[in-house]
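Dropping structure15.cif in here (mmCIF, C-alpha atoms):
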```cif
data_target
#
loop_
_atom_site.group_PDB
_atom_site.id
_atom_site.type_symbol
_atom_site.label_atom_id
_atom_site.label_comp_id
_atom_site.auth_asym_id
_atom_site.auth_seq_id
_atom_site.Cartn_x
_atom_site.Cartn_y
_atom_site.Cartn_z
ATOM 1 C CA TYR A 137 5.639 -11.641 -18.746
ATOM 2 C CA ALA A 138 4.923 -12.787 -22.272
ATOM 3 C CA THR A 139 8.602 -13.174 -23.165
ATOM 4 C CA VAL A 140 9.260 -15.624 -20.353
ATOM 5 C CA GLY A 141 5.881 -17.344 -20.673
ATOM 6 C CA ILE A 142 4.182 -16.000 -17.550
ATOM 7 C CA GLU A 143 0.422 -15.537 -17.730
ATOM 8 C CA PRO A 144 -0.753 -11.975 -17.073
ATOM 9 C CA PRO A 145 -2.730 -11.177 -13.913
ATOM 10 C CA THR A 146 -6.516 -11.478 -14.118
ATOM 11 C CA TYR A 147 -6.958 -7.844 -13.125
ATOM 12 C CA GLN A 148 -4.635 -4.880 -13.490
ATOM 13 C CA PRO A 149 -6.616 -2.139 -11.727
ATOM 14 C CA ARG A 150 -5.800 1.548 -11.797
ATOM 15 C CA ALA A 151 -6.397 3.658 -8.729
ATOM 16 C CA THR A 152 -8.222 6.355 -10.698
ATOM 17 C CA GLY A 153 -10.885 3.808 -11.653
ATOM 18 C CA HIS A 154 -11.695 3.012 -8.016
ATOM 19 C CA VAL A 155 -12.273 6.352 -6.327
ATOM 20 C CA PRO A 156 -15.864 5.398 -5.267
ATOM 21 C CA ASP A 157 -14.442 2.281 -3.518
ATOM 22 C CA MET A 158 -11.928 4.477 -1.696
ATOM 23 C CA VAL A 159 -14.560 6.991 -0.608
ATOM 24 C CA GLU A 160 -16.717 4.126 0.685
ATOM 25 C CA LEU A 161 -13.870 2.695 2.764
ATOM 26 C CA MET A 162 -12.880 6.132 4.056
ATOM 27 C CA THR A 163 -16.494 6.856 5.035
ATOM 28 C CA GLU A 164 -16.663 3.588 6.990
ATOM 29 C CA LEU A 165 -13.502 4.531 8.885
ATOM 30 C CA VAL A 166 -14.863 7.979 9.781
ATOM 31 C CA GLU A 167 -18.175 6.476 10.929
ATOM 32 C CA ARG A 168 -16.356 3.901 13.103
ATOM 33 C CA GLY A 169 -14.252 6.614 14.754
ATOM 34 C CA HIS A 170 -10.952 5.524 13.194
ATOM 35 C CA ALA A 171 -10.594 8.520 10.875
ATOM 36 C CA TYR A 172 -11.311 12.225 11.060
ATOM 37 C CA VAL A 173 -11.448 15.303 8.861
ATOM 38 C CA GLY A 174 -8.559 17.694 9.331
ATOM 39 C CA SER A 175 -8.423 20.913 7.340
ATOM 40 C CA ALA A 176 -10.807 21.052 4.375
ATOM 41 C CA GLY A 177 -10.258 18.111 2.042
ATOM 42 C CA ASN A 178 -7.808 16.271 4.315
ATOM 43 C CA VAL A 179 -8.875 13.062 6.058
ATOM 44 C CA PHE A 180 -6.547 11.170 8.395
ATOM 45 C CA PHE A 181 -6.461 7.741 9.966
ATOM 46 C CA ASP A 182 -6.318 8.031 13.753
ATOM 47 C CA VAL A 183 -3.545 5.585 14.693
ATOM 48 C CA ARG A 184 -4.341 5.862 18.405
ATOM 49 C CA SER A 185 -7.918 4.705 17.782
ATOM 50 C CA PHE A 186 -6.730 1.270 16.640
ATOM 51 C CA ALA A 187 -4.994 -0.776 19.330
ATOM 52 C CA GLU A 188 -3.395 -3.147 16.809
ATOM 53 C CA TYR A 189 -1.478 -0.394 14.998
ATOM 54 C CA GLY A 190 2.142 -1.529 14.665
ATOM 55 C CA ALA A 191 1.303 -5.244 14.909
ATOM 56 C CA LEU A 192 2.548 -6.146 11.426
ATOM 57 C CA THR A 193 6.031 -4.699 11.927
ATOM 58 C CA ARG A 194 6.100 -5.213 15.715
ATOM 59 C CA GLN A 195 6.623 -1.543 16.467
ATOM 60 C CA LYS A 196 5.319 0.538 19.348
ATOM 61 C CA LEU A 197 3.339 3.597 18.382
ATOM 62 C CA ASP A 198 5.129 5.996 20.724
ATOM 63 C CA GLU A 199 8.508 5.008 19.254
ATOM 64 C CA LEU A 200 7.513 5.789 15.654
ATOM 65 C CA ALA A 201 8.603 8.917 13.825
ATOM 66 C CA PRO A 202 5.888 11.311 12.584
ATOM 67 C CA ALA A 203 4.389 10.662 9.147
ATOM 68 C CA GLU A 204 6.126 12.323 6.200
ATOM 69 C CA ASP A 205 3.121 14.537 5.455
ATOM 70 C CA THR A 206 3.242 16.262 8.853
ATOM 71 C CA ASP A 207 2.903 19.922 7.943
ATOM 72 C CA ASP A 208 1.321 22.840 9.769
ATOM 73 C CA GLY A 209 -2.223 23.550 8.726
ATOM 74 C CA LEU A 210 -3.314 19.994 7.861
ATOM 75 C CA GLY A 211 -5.325 19.595 11.040
ATOM 76 C CA LYS A 212 -3.743 16.379 12.316
ATOM 77 C CA THR A 213 -4.534 15.166 15.823
ATOM 78 C CA ASP A 214 -1.317 13.141 16.100
ATOM 79 C CA PRO A 215 1.782 13.600 13.894
ATOM 80 C CA ARG A 216 1.817 9.830 13.286
ATOM 81 C CA ASP A 217 -1.666 9.834 11.756
ATOM 82 C CA PHE A 218 -1.540 9.126 8.038
ATOM 83 C CA ALA A 219 -3.514 10.595 5.163
ATOM 84 C CA LEU A 220 -6.488 8.789 3.695
ATOM 85 C CA TRP A 221 -7.425 11.755 1.531
ATOM 86 C CA LYS A 222 -5.426 14.863 0.642
ATOM 87 C CA ALA A 223 -6.683 18.297 -0.318
ATOM 88 C CA PRO A 224 -5.503 19.435 -3.758
ATOM 89 C CA ARG A 225 -2.434 21.643 -3.970
ATOM 90 C CA PRO A 226 -2.104 24.583 -6.380
ATOM 91 C CA ASP A 227 0.700 22.868 -8.345
ATOM 92 C CA GLU A 228 -1.381 19.735 -9.068
ATOM 93 C CA PRO A 229 -3.520 19.212 -12.191
ATOM 94 C CA ALA A 230 -7.182 20.165 -11.739
ATOM 95 C CA ASN A 231 -8.314 16.739 -12.975
ATOM 96 C CA ALA A 232 -6.277 14.964 -10.252
ATOM 97 C CA ALA A 233 -8.930 15.621 -7.583
ATOM 98 C CA TRP A 234 -12.380 14.231 -6.846
ATOM 99 C CA ASP A 235 -15.338 15.439 -4.800
ATOM 100 C CA THR A 236 -16.147 13.577 -1.581
ATOM 101 C CA PRO A 237 -18.434 14.251 1.405
ATOM 102 C CA PHE A 238 -15.269 15.469 3.190
ATOM 103 C CA GLY A 239 -14.071 17.858 0.523
ATOM 104 C CA ARG A 240 -12.346 17.777 -2.829
ATOM 105 C CA GLY A 241 -8.994 16.015 -3.041
ATOM 106 C CA ARG A 242 -7.093 12.909 -3.991
ATOM 107 C CA PRO A 243 -6.537 9.553 -2.295
ATOM 108 C CA GLY A 244 -3.633 8.599 -0.099
ATOM 109 C CA TRP A 245 -1.429 5.761 -1.303
ATOM 110 C CA HIS A 246 -2.499 3.302 1.407
ATOM 111 C CA LEU A 247 -6.234 3.873 0.887
ATOM 112 C CA GLU A 248 -5.931 3.061 -2.818
ATOM 113 C CA CYS A 249 -4.450 -0.364 -2.179
ATOM 114 C CA SER A 250 -6.902 -1.408 0.553
ATOM 115 C CA ALA A 251 -9.896 -0.373 -1.549
ATOM 116 C CA MET A 252 -8.702 -2.215 -4.666
ATOM 117 C CA ALA A 253 -7.759 -5.337 -2.683
ATOM 118 C CA ARG A 254 -11.248 -5.395 -1.197
ATOM 119 C CA ARG A 255 -12.860 -4.926 -4.603
ATOM 120 C CA TYR A 256 -11.047 -7.825 -6.286
ATOM 121 C CA LEU A 257 -10.106 -10.148 -3.413
ATOM 122 C CA GLY A 258 -12.932 -9.601 -0.929
ATOM 123 C CA ASP A 259 -12.963 -8.579 2.713
ATOM 124 C CA GLU A 260 -10.357 -11.224 3.575
ATOM 125 C CA PHE A 261 -7.853 -13.070 1.423
ATOM 126 C CA ASP A 262 -4.914 -15.389 1.851
ATOM 127 C CA ILE A 263 -1.669 -13.749 0.731
ATOM 128 C CA HIS A 264 -0.428 -10.178 0.408
ATOM 129 C CA GLY A 265 3.007 -9.846 -1.159
ATOM 130 C CA GLY A 266 5.438 -7.035 -1.736
ATOM 131 C CA GLY A 267 8.998 -5.878 -1.282
ATOM 132 C CA ILE A 268 10.450 -5.715 2.207
ATOM 133 C CA ASP A 269 10.765 -1.945 1.822
ATOM 134 C CA LEU A 270 6.951 -1.691 1.826
ATOM 135 C CA ARG A 271 6.438 -3.290 5.258
ATOM 136 C CA PHE A 272 6.395 0.113 6.915
ATOM 137 C CA PRO A 273 4.640 2.385 6.539
ATOM 138 C CA HIS A 274 2.667 1.133 3.538
ATOM 139 C CA HIS A 275 1.668 -2.380 4.546
ATOM 140 C CA GLU A 276 1.291 -1.474 8.206
ATOM 141 C CA ASN A 277 -1.115 1.291 7.219
ATOM 142 C CA GLU A 278 -2.984 -0.897 4.738
ATOM 143 C CA GLN A 279 -3.556 -3.548 7.389
ATOM 144 C CA ALA A 280 -4.589 -1.023 10.046
ATOM 145 C CA GLN A 281 -7.145 0.814 7.940
ATOM 146 C CA SER A 282 -8.633 -2.381 6.507
ATOM 147 C CA ARG A 283 -8.941 -4.134 9.858
ATOM 148 C CA ALA A 284 -10.220 -0.976 11.543
ATOM 149 C CA ALA A 285 -13.000 -1.021 8.931
ATOM 150 C CA GLY A 286 -13.903 -4.547 10.079
ATOM 151 C CA LEU A 287 -12.193 -6.423 7.245
ATOM 152 C CA GLY A 288 -10.035 -9.493 7.826
ATOM 153 C CA PHE A 289 -7.682 -8.342 5.049
ATOM 154 C CA ALA A 290 -4.521 -10.457 4.487
ATOM 155 C CA ARG A 291 -4.029 -13.688 6.442
ATOM 156 C CA TYR A 292 -0.347 -14.025 5.467
ATOM 157 C CA TRP A 293 2.306 -11.553 4.392
ATOM 158 C CA LEU A 294 5.197 -12.481 2.109
ATOM 159 C CA HIS A 295 7.802 -9.751 1.954
ATOM 160 C CA THR A 296 10.421 -10.328 -0.688
ATOM 161 C CA ALA A 297 14.042 -9.332 -0.311
ATOM 162 C CA TRP A 298 15.998 -7.457 -2.986
ATOM 163 C CA VAL A 299 16.911 -9.012 -6.309
ATOM 164 C CA THR A 300 20.712 -8.990 -6.348
ATOM 165 C CA ALA A 301 23.403 -9.201 -8.990
ATOM 166 C CA SER A 302 26.855 -10.352 -7.843
ATOM 167 C CA GLY A 303 25.838 -9.743 -4.232
ATOM 168 C CA THR A 304 24.644 -6.165 -4.784
ATOM 169 C CA LYS A 305 21.063 -4.903 -4.917
ATOM 170 C CA MET A 306 19.990 -4.678 -8.540
ATOM 171 C CA SER A 307 18.798 -1.184 -9.436
ATOM 172 C CA LYS A 308 18.718 1.206 -12.349
ATOM 173 C CA SER A 309 20.552 3.856 -10.335
ATOM 174 C CA LEU A 310 23.518 1.503 -9.835
ATOM 175 C CA GLY A 311 23.493 0.487 -13.504
ATOM 176 C CA ASN A 312 23.635 -3.229 -12.708
ATOM 177 C CA THR A 313 20.277 -4.343 -14.052
ATOM 178 C CA LEU A 314 19.879 -7.274 -16.405
ATOM 179 C CA SER A 315 17.303 -7.020 -19.144
ATOM 180 C CA THR A 316 15.050 -9.973 -19.888
ATOM 181 C CA ALA A 317 16.415 -10.086 -23.434
ATOM 182 C CA ALA A 318 20.022 -10.275 -22.195
ATOM 183 C CA VAL A 319 19.272 -13.119 -19.807
ATOM 184 C CA LEU A 320 17.212 -15.043 -22.376
ATOM 185 C CA ALA A 321 20.132 -14.822 -24.802
ATOM 186 C CA GLU A 322 21.999 -17.051 -22.324
ATOM 187 C CA VAL A 323 19.268 -19.378 -21.014
ATOM 188 C CA PRO A 324 15.810 -20.547 -22.128
ATOM 189 C CA ALA A 325 12.713 -19.024 -20.482
ATOM 190 C CA PRO A 326 11.804 -22.146 -18.422
ATOM 191 C CA ILE A 327 15.267 -22.128 -16.815
ATOM 192 C CA LEU A 328 15.014 -18.433 -15.994
ATOM 193 C CA ARG A 329 11.577 -18.941 -14.430
ATOM 194 C CA TYR A 330 12.856 -21.891 -12.404
ATOM 195 C CA ALA A 331 15.940 -19.995 -11.197
ATOM 196 C CA LEU A 332 13.844 -17.051 -10.008
ATOM 197 C CA SER A 333 11.184 -19.168 -8.307
ATOM 198 C CA ALA A 334 13.660 -21.594 -6.686
ATOM 199 C CA ALA A 335 15.149 -18.884 -4.469
ATOM 200 C CA HIS A 336 13.342 -18.288 -1.161
ATOM 201 C CA TYR A 337 11.096 -15.244 -1.437
ATOM 202 C CA ARG A 338 13.081 -13.523 1.314
#
```

Would you mind writing the file out in structure tokens?
Amino acid sequence: YATVGIEPPTYQPRATGHVPDMVELMTELVERGHAYVGSAGNVFFDVRSFAEYGALTRQKLDELAPAEDTDDGLGKTDPRDFALWKAPRPDEPANAAWDTPFGRGRPGWHLECSAMARRYLGDEFDIHGGGIDLRFPHHENEQAQSRAAGLGFARYWLHTAWVTASGTKMSKSLGNTLSTAAVLAEVPAPILRYALSAAHYR
């Protein structure tokens, strides 16, 4: 950011600093009947309890594949239900779990983002951005759990397409990334910023 003259974000929250916010949101969902406790320490969002589930990505619930964390013994009601809170596993560090009214464990990815968005942006805000690869399941689940809790959440979603180099997705694994320093050796920072912002976000 500094190299190309972009101001840093106002807040750069870490999930571990917002566990009480997550527990509060999870508790609201359980009390409203949109979440339930599975096996000890596991809490799941009940996708069938929320009629709007699938609205963001225009998918029908019965056509969706089961969630990735569908394992025997978790106590799920529906294989498509997603984790709000996960019981600790033996191979995880002892300090990577927190006590909650539902048991000791750690937050699910989606719960973290909804809780932090609420903390810094309020119950409803204008724009939620992210890569197109996050539309499902992450953003779908974020929207569902937030709205099921009675929050307006995001009014508009802007999903960005891949950054490409010579027509191919830019990624470290393909070895076709361009470093900021390499690009700035060719063009000044204002031109780089303009070139990146002039392309449509999709």

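Shortest atom-to-atom contact with A:Gly266 among A:Thr213, A:Gln281, A:Tyr337, A:Lys222: A:Tyr337, counting only C-alpha atoms.
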
Counting all atoms listed in the file, which of A:His275, A:Arg168, A:Arg225, A:Arg283 gets nearest to A:His246?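 Comparing A:His275, A:Arg168, A:Arg225, A:Arg283 against A:His246, the winner is A:His275.
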
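Atom CA of A:Pro273 sits 27.1 Å away from atom CA of A:Leu332.
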
Restricting the calculation to only C-alpha atoms: of A:Pro243, A:Gly190, A:Pro156, A:Pro144, which residue gets closest to A:Glu276? A:Gly190

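Distance annotation: of A:Ala187, A:Leu165, A:Ala318, A:Met158, the residue with the minimal separation from A:Arg255 is A:Met158; atom set is all atoms listed in the file.
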
How many Å lie between atom CA of A:Tyr147 and atom CA of A:Tyr256, rounded to one decimal? 8.0 Å

Box for stretch 219-228 of chain A - axis-aligned, 6 Å on each of the six sides, all listed atoms - centre and size in Å to one decimal, as lines of an AutoDock Vina configuration file.
```
center_x = -3.4
center_y = 16.7
center_z = -2.0
size_x = 20.1
size_y = 27.8
size_z = 26.2
```

Please provide the set of residues having any atom within 8 Å of A:Ala171, restricted to only C-alpha atoms, with same-chain residues fewer than 6 positions apart removed, written as a PyMOL selection string. chain A and resi 162+165+179-182

Could you dump the residues just selected with C-alpha atoms as a JSON list (two decimals), in the frame of the given file?
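Writing done, so here's result-v2.json:
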```
[["chain", "number", "residue", "atom", "x", "y", "z"],
["A", 162, "MET", "CA", -12.88, 6.13, 4.06],
["A", 165, "LEU", "CA", -13.50, 4.53, 8.88],
["A", 179, "VAL", "CA", -8.88, 13.06, 6.06],
["A", 180, "PHE", "CA", -6.55, 11.17, 8.40],
["A", 181, "PHE", "CA", -6.46, 7.74, 9.97],
["A", 182, "ASP", "CA", -6.32, 8.03, 13.75]]
```

Give me, as a list in words, all polymer residues having an atom no more than 7 Å from A:Ala203, counting all atoms listed in the file and skipping those fewer than 3 positions away in the same chain. Thr206, Pro215, Arg216, Asp217 and Phe218 of chain A

When you draw a straight line from atom CA of A:Asp227 to atom CA of A:Arg242, how long is it in Å?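 Going from atom CA of A:Asp227 over to atom CA of A:Arg242 covers 13.4 Å.
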
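Point (-21.7, 12.1, 3.9) has the following residues at most 10 Å away: Val159, Glu160, Thr163, Val166, Glu167, Thr236, Pro237 and Phe238 of chain A (atoms considered: only C-alpha atoms).
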
Evaluate the PyMOL selection byres ((chain A and resi 142) around 12) on the structure here and hand back the selected residues as a list in words.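 So the PyMOL selection byres ((chain A and resi 142) around 12) ends up selecting Tyr137, Ala138, Thr139, Val140, Gly141, Glu143, Pro144, Pro145, Ala325, Pro326, Leu328, Arg329 and Tyr330 of chain A.
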
Measuring between all atoms listed in the file, which one of A:Ala233, A:Leu161, A:Leu197, A:Ala253 shows the shortest distance to A:Leu220?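 Nearest candidate to A:Leu220 out of A:Ala233, A:Leu161, A:Leu197, A:Ala253: A:Leu161.
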
Using all atoms listed in the file for the distances, tell me which of A:Ser250, A:Asn178, A:Gln195, A:Ser309 is nearest to A:Asp157.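 Of A:Ser250, A:Asn178, A:Gln195, A:Ser309, the one nearest A:Asp157, counting all atoms listed in the file, is A:Ser250.
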
Selection: 12 Å around A:Phe272, all atoms listed in the file, excl. self and same-chain fewer than 2 positions, as a list of chain:residue names: A:Tyr189, A:Gly190, A:Ala191, A:Leu192, A:Thr193, A:Arg194, A:Gln195, A:Leu200, A:Ala201, A:Ala203, A:His246, A:Gly266, A:Gly267, A:Ile268, A:Asp269, A:Leu270, A:His274, A:His275, A:Glu276, A:Asn277, A:Glu278, A:Gln279, A:Ala280, A:His295

With all atoms listed in the file as the counted atoms, please give the residues lying no more than 12 Å from A:Leu257, apart from itself and same-chain residues fewer than 6 positions off, as a PDB file with C-alpha atoms, keeping the file's coordinate frame.
```
ATOM      1  CA  THR A 146      -6.516 -11.478 -14.118  1.00  0.00           C
ATOM      2  CA  TYR A 147      -6.958  -7.844 -13.125  1.00  0.00           C
ATOM      3  CA  CYS A 249      -4.450  -0.364  -2.179  1.00  0.00           C
ATOM      4  CA  SER A 250      -6.902  -1.408   0.553  1.00  0.00           C
ATOM      5  CA  ALA A 251      -9.896  -0.373  -1.549  1.00  0.00           C
ATOM      6  CA  ILE A 263      -1.669 -13.749   0.731  1.00  0.00           C
ATOM      7  CA  HIS A 264      -0.428 -10.178   0.408  1.00  0.00           C
ATOM      8  CA  LEU A 287     -12.193  -6.423   7.245  1.00  0.00           C
ATOM      9  CA  GLY A 288     -10.035  -9.493   7.826  1.00  0.00           C
ATOM     10  CA  PHE A 289      -7.682  -8.342   5.049  1.00  0.00           C
ATOM     11  CA  ALA A 290      -4.521 -10.457   4.487  1.00  0.00           C
TER      12      ALA A 290
END
```

Would you mind completing stretch 229-240 of chain A to all heavy atoms and writing the output as a CSV table (one decimal), in the coordinates of the input?
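In the end it all went to rebuild_34.csv:
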```csv
chain,number,residue,atom,x,y,z
A,229,PRO,N,-2.5,19.1,-11.1
A,229,PRO,CA,-3.5,19.2,-12.2
A,229,PRO,C,-4.9,19.2,-11.6
A,229,PRO,O,-5.2,18.5,-10.7
A,229,PRO,CB,-3.3,18.0,-13.1
A,229,PRO,CG,-2.0,17.4,-12.7
A,229,PRO,CD,-1.7,17.8,-11.3
A,230,ALA,N,-5.8,20.0,-12.2
A,230,ALA,CA,-7.2,20.2,-11.7
A,230,ALA,C,-8.0,18.8,-11.8
A,230,ALA,O,-8.8,18.6,-11.0
A,230,ALA,CB,-7.9,21.2,-12.5
A,231,ASN,N,-7.6,18.0,-12.8
A,231,ASN,CA,-8.3,16.7,-13.0
A,231,ASN,C,-7.8,15.6,-12.1
A,231,ASN,O,-8.2,14.5,-12.2
A,231,ASN,CB,-8.3,16.3,-14.4
A,231,ASN,CG,-6.9,16.0,-15.0
A,231,ASN,OD1,-5.9,16.3,-14.3
A,231,ASN,ND2,-6.9,15.5,-16.2
A,232,ALA,N,-6.8,16.0,-11.2
A,232,ALA,CA,-6.3,15.0,-10.3
A,232,ALA,C,-6.9,15.1,-8.9
A,232,ALA,O,-6.3,14.8,-7.9
A,232,ALA,CB,-4.8,15.1,-10.2
A,233,ALA,N,-8.2,15.5,-8.8
A,233,ALA,CA,-8.9,15.6,-7.6
A,233,ALA,C,-10.4,15.2,-7.8
A,233,ALA,O,-10.9,15.4,-8.9
A,233,ALA,CB,-8.8,17.0,-7.1
A,234,TRP,N,-11.0,14.7,-6.8
A,234,TRP,CA,-12.4,14.2,-6.8
A,234,TRP,C,-13.2,14.8,-5.7
A,234,TRP,O,-12.6,15.0,-4.6
A,234,TRP,CB,-12.4,12.7,-6.8
A,234,TRP,CG,-11.8,12.1,-8.0
A,234,TRP,CD1,-12.5,11.6,-9.1
A,234,TRP,CD2,-10.4,11.8,-8.3
A,234,TRP,NE1,-11.6,11.1,-10.0
A,234,TRP,CE2,-10.3,11.2,-9.5
A,234,TRP,CE3,-9.3,12.0,-7.5
A,234,TRP,CZ2,-9.1,10.8,-10.1
A,234,TRP,CZ3,-8.1,11.6,-8.0
A,234,TRP,CH2,-8.0,11.0,-9.3
A,235,ASP,N,-14.5,15.0,-5.9
A,235,ASP,CA,-15.3,15.4,-4.8
A,235,ASP,C,-15.7,14.3,-3.9
A,235,ASP,O,-16.0,13.2,-4.3
A,235,ASP,CB,-16.6,16.1,-5.4
A,235,ASP,CG,-16.3,17.4,-6.1
A,235,ASP,OD1,-15.5,18.2,-5.6
A,235,ASP,OD2,-16.8,17.6,-7.2
A,236,THR,N,-15.7,14.6,-2.6
A,236,THR,CA,-16.1,13.6,-1.6
A,236,THR,C,-17.0,14.3,-0.5
A,236,THR,O,-17.0,15.5,-0.5
A,236,THR,CB,-14.9,12.9,-0.9
A,236,THR,OG1,-14.4,13.8,0.1
A,236,THR,CG2,-13.8,12.5,-1.8
A,237,PRO,N,-17.7,13.6,0.3
A,237,PRO,CA,-18.4,14.3,1.4
A,237,PRO,C,-17.5,15.1,2.3
A,237,PRO,O,-18.0,15.9,3.1
A,237,PRO,CB,-19.1,13.1,2.2
A,237,PRO,CG,-19.1,12.0,1.2
A,237,PRO,CD,-17.9,12.1,0.3
A,238,PHE,N,-16.2,14.8,2.3
A,238,PHE,CA,-15.3,15.5,3.2
A,238,PHE,C,-14.5,16.6,2.5
A,238,PHE,O,-13.7,17.2,3.2
A,238,PHE,CB,-14.3,14.4,3.7
A,238,PHE,CG,-15.0,13.2,4.2
A,238,PHE,CD1,-14.9,12.0,3.5
A,238,PHE,CD2,-15.7,13.2,5.4
A,238,PHE,CE1,-15.6,10.9,3.9
A,238,PHE,CE2,-16.4,12.1,5.9
A,238,PHE,CZ,-16.3,10.9,5.1
A,239,GLY,N,-14.8,16.8,1.3
A,239,GLY,CA,-14.1,17.9,0.5
A,239,GLY,C,-13.4,17.3,-0.7
A,239,GLY,O,-13.3,16.1,-0.9
A,240,ARG,N,-13.0,18.2,-1.6
A,240,ARG,CA,-12.3,17.8,-2.8
A,240,ARG,C,-10.9,17.4,-2.6
A,240,ARG,O,-10.2,18.0,-1.7
A,240,ARG,CB,-12.4,18.9,-3.8
A,240,ARG,CG,-11.9,18.5,-5.2
A,240,ARG,CD,-12.4,19.6,-6.3
A,240,ARG,NE,-11.8,19.3,-7.6
A,240,ARG,CZ,-12.3,18.4,-8.4
A,240,ARG,NH1,-13.4,17.7,-8.0
A,240,ARG,NH2,-11.8,18.1,-9.6
```
